[in-house]
$ cat model.txt   # compact mmCIF, C-alpha atoms
# COMPACT_ATOMS: atom_id res chain seq x y z
CA MET A 1 0.00 0.00 0.00
CA LEU A 2 1.27 3.45 -0.90
CA PHE A 3 0.28 6.93 0.24
CA LEU A 4 1.22 9.38 -2.50
CA SER A 5 1.33 13.16 -2.33
CA GLY A 6 2.13 15.65 -5.07
CA THR A 7 5.14 17.94 -5.31
CA THR A 8 4.62 21.42 -3.89
CA VAL A 9 6.65 24.63 -4.14
CA TRP A 10 6.80 25.62 -0.47
CA ALA A 11 7.77 29.28 -0.93
CA LYS A 12 4.98 29.98 -3.41
CA THR A 13 1.86 31.77 -2.19
CA GLN A 14 -1.15 29.47 -2.46
CA THR A 15 -4.86 30.29 -2.51
CA TYR A 16 -7.75 28.21 -1.24
CA THR A 17 -11.44 29.09 -1.07
CA GLN A 18 -13.43 27.26 1.58
CA PRO A 19 -17.23 27.32 1.18
CA PHE A 20 -19.41 27.17 4.25
CA GLN A 21 -21.68 24.17 4.69
CA ASN A 22 -24.66 26.42 5.50
CA GLN A 23 -27.61 26.56 3.15
CA THR A 24 -29.16 29.92 2.24
CA ILE A 25 -30.80 31.28 5.40
CA THR A 26 -33.25 34.12 5.98
CA LEU A 27 -33.38 35.86 9.36
CA SER A 28 -35.87 38.04 11.21
CA GLY A 29 -36.27 39.52 14.70
CA ASN A 30 -35.01 42.46 16.78
CA ALA A 31 -31.40 41.33 16.45
CA VAL A 32 -30.51 38.53 14.05
CA GLN A 33 -27.52 36.22 14.20
CA SER A 34 -26.00 33.59 11.93
CA ASN A 35 -23.06 31.26 12.65
CA MET A 36 -20.78 29.76 10.01
CA TYR A 37 -17.78 27.51 10.53
CA PHE A 38 -14.52 26.95 8.67
CA VAL A 39 -11.13 25.30 9.17
CA LYS A 40 -7.59 26.60 8.77
CA MET A 41 -4.98 23.92 8.13
CA GLY A 42 -2.24 23.81 10.76
CA TYR A 43 0.50 23.78 8.11
CA TRP A 44 -0.68 27.05 6.53
CA ASP A 45 1.25 30.25 7.13
CA VAL A 46 -1.72 32.50 6.39
CA LYS A 47 -0.89 35.85 4.84
CA LYS A 48 -4.47 37.01 4.25
CA ALA A 49 -7.98 35.70 4.90
CA THR A 50 -11.05 37.25 3.30
CA LEU A 51 -14.73 36.68 4.06
CA ASN A 52 -16.83 36.94 0.89
CA LEU A 53 -20.27 37.67 2.33
CA ASN A 54 -23.15 37.34 -0.13
CA PHE A 55 -26.36 38.70 1.33
CA GLN A 56 -29.57 40.61 0.69
CA THR A 57 -31.61 42.95 2.88
CA SER A 58 -35.26 43.91 2.56
CA GLN A 59 -36.23 47.45 1.64
CA LEU A 60 -36.42 49.84 4.60
CA SER A 61 -38.27 53.08 5.19
CA ASP A 62 -36.47 56.41 4.89
CA LYS A 63 -36.19 56.58 8.69
CA GLN A 64 -34.55 53.20 9.07
CA ILE A 65 -31.02 51.93 8.56
CA SER A 66 -29.57 48.44 8.88
CA ASP A 67 -26.35 47.61 10.67
CA ILE A 68 -24.29 44.40 10.34
CA THR A 69 -21.42 43.34 12.60
CA VAL A 70 -19.05 40.44 11.84
CA SER A 71 -17.03 38.50 14.43
CA VAL A 72 -14.54 35.64 14.26
CA ASN A 73 -14.14 33.43 17.33
CA ASN A 74 -16.07 36.01 19.42
CA VAL A 75 -13.81 38.89 18.33
CA LYS A 76 -15.64 41.67 16.47
CA PHE A 77 -13.59 42.90 13.54
CA ASP A 78 -15.93 44.66 11.11
CA SER A 79 -19.18 46.60 11.10
CA PHE A 80 -20.94 48.16 8.13
CA ARG A 81 -24.26 49.44 6.87
CA PRO A 82 -25.53 47.72 3.72
CA LYS A 83 -26.32 49.81 0.68
CA ARG A 84 -29.94 50.79 0.22
CA VAL A 85 -30.36 48.74 -2.95
CA SER A 86 -32.42 45.74 -3.99
CA GLY A 87 -30.84 42.45 -4.95
CA ILE A 88 -27.81 40.51 -3.74
CA GLN A 89 -24.84 42.41 -2.33
CA THR A 90 -21.28 41.11 -1.90
CA LYS A 91 -19.04 42.43 0.85
CA LYS A 92 -15.35 41.46 0.96
CA ILE A 93 -14.11 41.67 4.54
CA THR A 94 -10.52 41.04 5.64
CA ILE A 95 -10.36 38.68 8.63
CA PRO A 96 -7.55 39.41 11.15
CA THR A 97 -5.20 36.44 10.86
CA ARG A 98 -4.12 36.76 14.51
CA SER A 99 -7.66 35.77 15.54
CA LEU A 100 -7.70 32.54 13.52
CA GLY A 101 -7.36 29.09 15.05
CA GLY A 102 -7.70 25.61 13.62
CA GLU A 103 -11.51 25.51 13.83
CA ASN A 104 -13.18 28.90 13.46
CA ASN A 105 -16.60 30.47 13.88
CA ILE A 106 -17.78 33.43 11.82
CA GLN A 107 -20.75 35.18 13.41
CA VAL A 108 -22.87 37.71 11.53
CA ASN A 109 -25.13 39.94 13.66
CA GLY A 110 -27.64 42.38 12.23
CA GLN A 111 -30.13 44.92 13.48
CA ILE A 112 -32.37 47.66 12.14
CA LEU A 113 -32.31 51.13 13.68
CA ASN A 114 -35.11 53.70 13.66
CA LYS A 115 -34.09 57.33 13.43
CA ALA A 116 -34.99 59.12 16.67
CA GLY A 117 -34.05 62.75 16.43
CA HIS A 118 -31.33 64.40 14.37
CA LYS A 119 -28.46 62.01 15.16
CA ASN A 120 -29.90 59.32 17.41
CA TYR A 121 -31.10 55.85 16.43
CA GLN A 122 -33.02 53.19 18.35
CA VAL A 123 -33.15 49.44 17.75
CA ALA A 124 -36.34 48.59 15.89
CA GLN A 125 -38.41 45.46 15.40
CA THR A 126 -37.17 44.07 12.11
CA PRO A 127 -39.55 43.14 9.30
CA ALA A 128 -39.99 39.46 8.53
CA ASN A 129 -37.10 37.91 6.63
CA TRP A 130 -35.13 41.14 6.42
CA LEU A 131 -31.64 39.59 6.08
CA THR A 132 -30.75 36.69 3.77
CA ILE A 133 -27.26 35.15 3.73
CA TYR A 134 -26.58 33.02 0.67
CA LYS A 135 -24.89 29.62 0.66
CA ASN A 136 -22.10 30.73 -1.71
CA THR A 137 -20.63 32.84 1.09
CA ASN A 138 -17.04 31.66 1.66
CA VAL A 139 -13.60 32.36 3.11
CA ASN A 140 -10.59 32.78 0.82
CA PHE A 141 -7.08 32.13 2.14
CA GLN A 142 -3.75 33.34 0.80
CA TYR A 143 -0.97 31.37 2.46
CA ARG A 144 2.36 29.62 2.20
CA LEU A 145 2.87 25.99 3.12
CA VAL A 146 4.96 25.03 6.13
CA PRO A 147 6.99 21.98 4.99
CA PRO A 148 6.19 18.71 6.79
CA THR A 149 8.54 17.30 9.39
CA LYS A 150 9.54 13.64 9.57
CA SER A 151 6.74 12.80 12.00
CA ILE A 152 3.75 10.68 10.97
CA LYS A 153 1.35 13.33 12.28
CA SER A 154 2.92 16.01 10.09
CA PHE A 155 2.65 13.78 7.01
CA TYR A 156 -0.95 12.89 7.89
CA ASP A 157 -1.92 16.56 8.29
CA HIS A 158 -0.49 17.46 4.87
CA PHE A 159 -1.83 14.33 3.19
CA THR A 160 -5.43 14.83 4.38
CA GLY A 161 -5.46 18.63 4.19
CA ALA A 162 -8.40 20.29 2.45
CA ASP A 163 -6.22 22.00 -0.15
CA THR A 164 -4.23 18.81 -0.82
CA VAL A 165 -7.38 16.83 -1.57
CA VAL A 166 -9.07 19.54 -3.64
CA ASN A 167 -5.91 20.01 -5.72
CA GLN A 168 -5.79 16.21 -6.24
CA GLU A 169 -2.31 15.97 -4.77
CA SER A 170 -2.89 12.87 -2.64
CA VAL A 171 -3.94 9.31 -3.45
CA ILE A 172 -4.05 5.92 -1.69
CA THR A 173 -3.05 2.97 -3.86
CA THR A 174 -3.11 -0.71 -2.90
CA PRO A 175 -1.84 -3.87 -4.67
CA SER A 176 -4.34 -5.52 -6.99
CA GLN A 177 -3.69 -8.85 -5.22
CA PRO A 178 -2.60 -7.92 -1.68
CA THR A 179 -1.16 -10.28 0.91
CA ASN A 180 -2.94 -10.64 4.24
CA ASN A 181 -0.56 -8.16 5.87
CA GLU A 182 -1.02 -5.65 3.03
CA LEU A 183 -4.78 -6.05 3.18
CA ALA A 184 -4.80 -5.52 6.95
CA ALA A 185 -2.64 -2.40 6.62
CA SER A 186 -4.94 -1.09 3.89
CA MET A 187 -8.01 -1.58 6.06
CA TYR A 188 -6.42 0.36 8.92
CA ALA A 189 -5.47 3.17 6.58
CA LEU A 190 -8.74 3.30 4.68
CA SER A 191 -10.79 3.37 7.88
CA GLY A 192 -9.18 6.70 8.68
CA GLN A 193 -8.83 8.11 5.18
CA SER A 194 -11.75 7.11 2.99
CA ARG A 195 -14.11 9.59 4.65
CA VAL A 196 -11.83 12.61 4.21
CA ILE A 197 -14.18 14.73 2.11
CA THR A 198 -13.58 18.44 1.62
CA THR A 199 -16.48 19.23 -0.70
CA GLU A 200 -19.74 17.53 -1.54
CA THR A 201 -18.06 15.69 -4.43
CA GLN A 202 -14.35 15.28 -3.64
CA GLN A 203 -12.36 12.88 -1.48
CA ILE A 204 -8.96 11.19 -1.51
CA PRO A 205 -8.98 8.73 -4.46
CA VAL A 206 -8.24 5.06 -3.79
CA THR A 207 -6.71 3.00 -6.62
CA THR A 208 -4.81 -0.25 -7.19
CA PHE A 209 -1.44 -0.92 -8.81
CA GLN A 210 0.13 -3.98 -10.40
CA ASP A 211 2.87 -5.70 -8.38

$ encode --input "model.txt" --output "structure tokens"
Amino acid sequence: MLFLSGTTVWAKTQTYTQPFQNQTITLSGNAVQSNMYFVKMGYWDVKKATLNLNFQTSQLSDKQISDITVSVNNVKFDSFRPKRVSGIQTKKITIPTRSLGGENNIQVNGQILNKAGHKNYQVAQTPANWLTIYKNTNVNFQYRLVPPTKSIKSFYDHFTGADTVVNQESVITTPSQPTNNELAASMYALSGQSRVITTETQQIPVTTFQD
């Protein structure tokens, strides 16, 4: 049995776009909140991370404004007021890399404010379904790869990494007529590897080779 991984230029800046697993969701209420989750590989030296937020807000009256705040791992890092337009809007928001961990939570909070006086605003009851976040919202990474060490864990992390699988740089291959020992080793390996899926359609390929 062989575990094969492609050749990578370590110093080259790589890019990887990770879609969220969330379906399109529509929110309503005084203050709305949506949680989305993503993973940063431990062997990435991340230079830049960008949230591509695709959303739509309902039309508001002239005395109302909407306000959206974005947090990562409970750290607020951006707040903006959507444009007063109909249709889908896209907001590119830079995520502070110092706040990223291995497993991460993006939280989007929104509220509608009623104008109360010349400069003051008060939180208002939001209309039904006022904020929609679309499923093609994603996080884009720009990073450099940290070369693997000689440890098994380091190899495993690189071999099963989301970018490695998506770029088709890893494969498991077994003999076409394996011995008992080879078959046992393959079963141990496949039990941990065959479910490594990074998108709805991709996983580490498993093939056979001639002795």

$ closest_residue --input "model.txt" --among "A:Val139, A:Met41, A:Ile133, A:Ile88" --to "Thr24 in chain A" --atoms "only C-alpha atoms"
A:Ile133

$ residues_around --input "model.txt" --residues "range 46-62 of chain A" --least-positions-apart "2" --cutoff "6 Å" --atoms "all atoms listed in the file" --output "short mmCIF file (atom, residue, chain, number, x, y, z; two decimals) with C-alpha atoms, keeping the file's coordinate frame"
data_model
loop_
_atom_site.label_atom_id
_atom_site.label_comp_id
_atom_site.auth_asym_id
_atom_site.auth_seq_id
_atom_site.Cartn_x
_atom_site.Cartn_y
_atom_site.Cartn_z
CA TRP A 44 -0.68 27.05 6.53
CA GLN A 64 -34.55 53.20 9.07
CA ILE A 88 -27.81 40.51 -3.74
CA GLN A 89 -24.84 42.41 -2.33
CA THR A 90 -21.28 41.11 -1.90
CA LYS A 91 -19.04 42.43 0.85
CA LYS A 92 -15.35 41.46 0.96
CA ILE A 93 -14.11 41.67 4.54
CA THR A 94 -10.52 41.04 5.64
CA ILE A 95 -10.36 38.68 8.63
CA TRP A 130 -35.13 41.14 6.42
CA LEU A 131 -31.64 39.59 6.08
CA THR A 132 -30.75 36.69 3.77
CA ILE A 133 -27.26 35.15 3.73
CA TYR A 134 -26.58 33.02 0.67
CA THR A 137 -20.63 32.84 1.09
CA ASN A 138 -17.04 31.66 1.66
CA VAL A 139 -13.60 32.36 3.11
CA ASN A 140 -10.59 32.78 0.82
CA PHE A 141 -7.08 32.13 2.14
CA GLN A 142 -3.75 33.34 0.80
CA TYR A 143 -0.97 31.37 2.46
#

$ residues_near_point --input "model.txt" --point "(-16.9, 30.1, 8.4)" --cutoff "6 Å" --atoms "only C-alpha atoms" --output "PDB file with C-alpha atoms, in the frame of the given file"
ATOM      1  CA  PHE A  20     -19.410  27.170   4.250  1.00  0.00           C
ATOM      2  CA  MET A  36     -20.780  29.760  10.010  1.00  0.00           C
ATOM      3  CA  TYR A  37     -17.780  27.510  10.530  1.00  0.00           C
ATOM      4  CA  PHE A  38     -14.520  26.950   8.670  1.00  0.00           C
ATOM      5  CA  ASN A 105     -16.600  30.470  13.880  1.00  0.00           C
ATOM      6  CA  ILE A 106     -17.780  33.430  11.820  1.00  0.00           C
TER       7      ILE A 106
END

$ atom_distance --input "model.txt" --atom1 "CA of Val32 in chain A" --atom2 "CA of Asn129 in chain A"
9.9 Å

$ closest_residue --input "model.txt" --among "A:Pro178, A:Glu103, A:Pro147, A:Thr69" --to "Val39 in chain A" --atoms "only C-alpha atoms"
A:Glu103

$ residues_around --input "model.txt" --residues "Lys76 in chain A" --least-positions-apart "2" --cutoff "10 Å" --atoms "only C-alpha atoms" --output "list in words"
Thr69, Val70, Ser71, Val72, Asn73, Asn74, Asp78, Ser79, Ile95, Pro96, Ser99, Ile106, Gln107 and Val108 of chain A

$ atom_distance --input "model.txt" --atom1 "CA of Lys153 in chain A" --atom2 "CA of Leu183 in chain A"
22.3 Å

$ atom_distance --input "model.txt" --atom1 "CA of Phe155 in chain A" --atom2 "CA of Thr174 in chain A"
18.5 Å

$ residues_around --input "model.txt" --residues "Arg81 in chain A" --least-positions-apart "3" --cutoff "9 Å" --atoms "only C-alpha atoms" --output "PyMOL selection string"
chain A and resi 65-69+84

$ residues_around --input "model.txt" --residues "Tyr43 in chain A" --least-positions-apart "4" --cutoff "12 Å" --atoms "all atoms listed in the file" --output "list in words"
Trp10, Val39, Gly101, Gly102, Tyr143, Arg144, Leu145, Val146, Pro147, Pro148, Thr149, Lys153, Ser154, Phe155, Tyr156, Asp157, His158, Phe159, Thr160, Gly161, Ala162, Asp163 and Thr164 of chain A
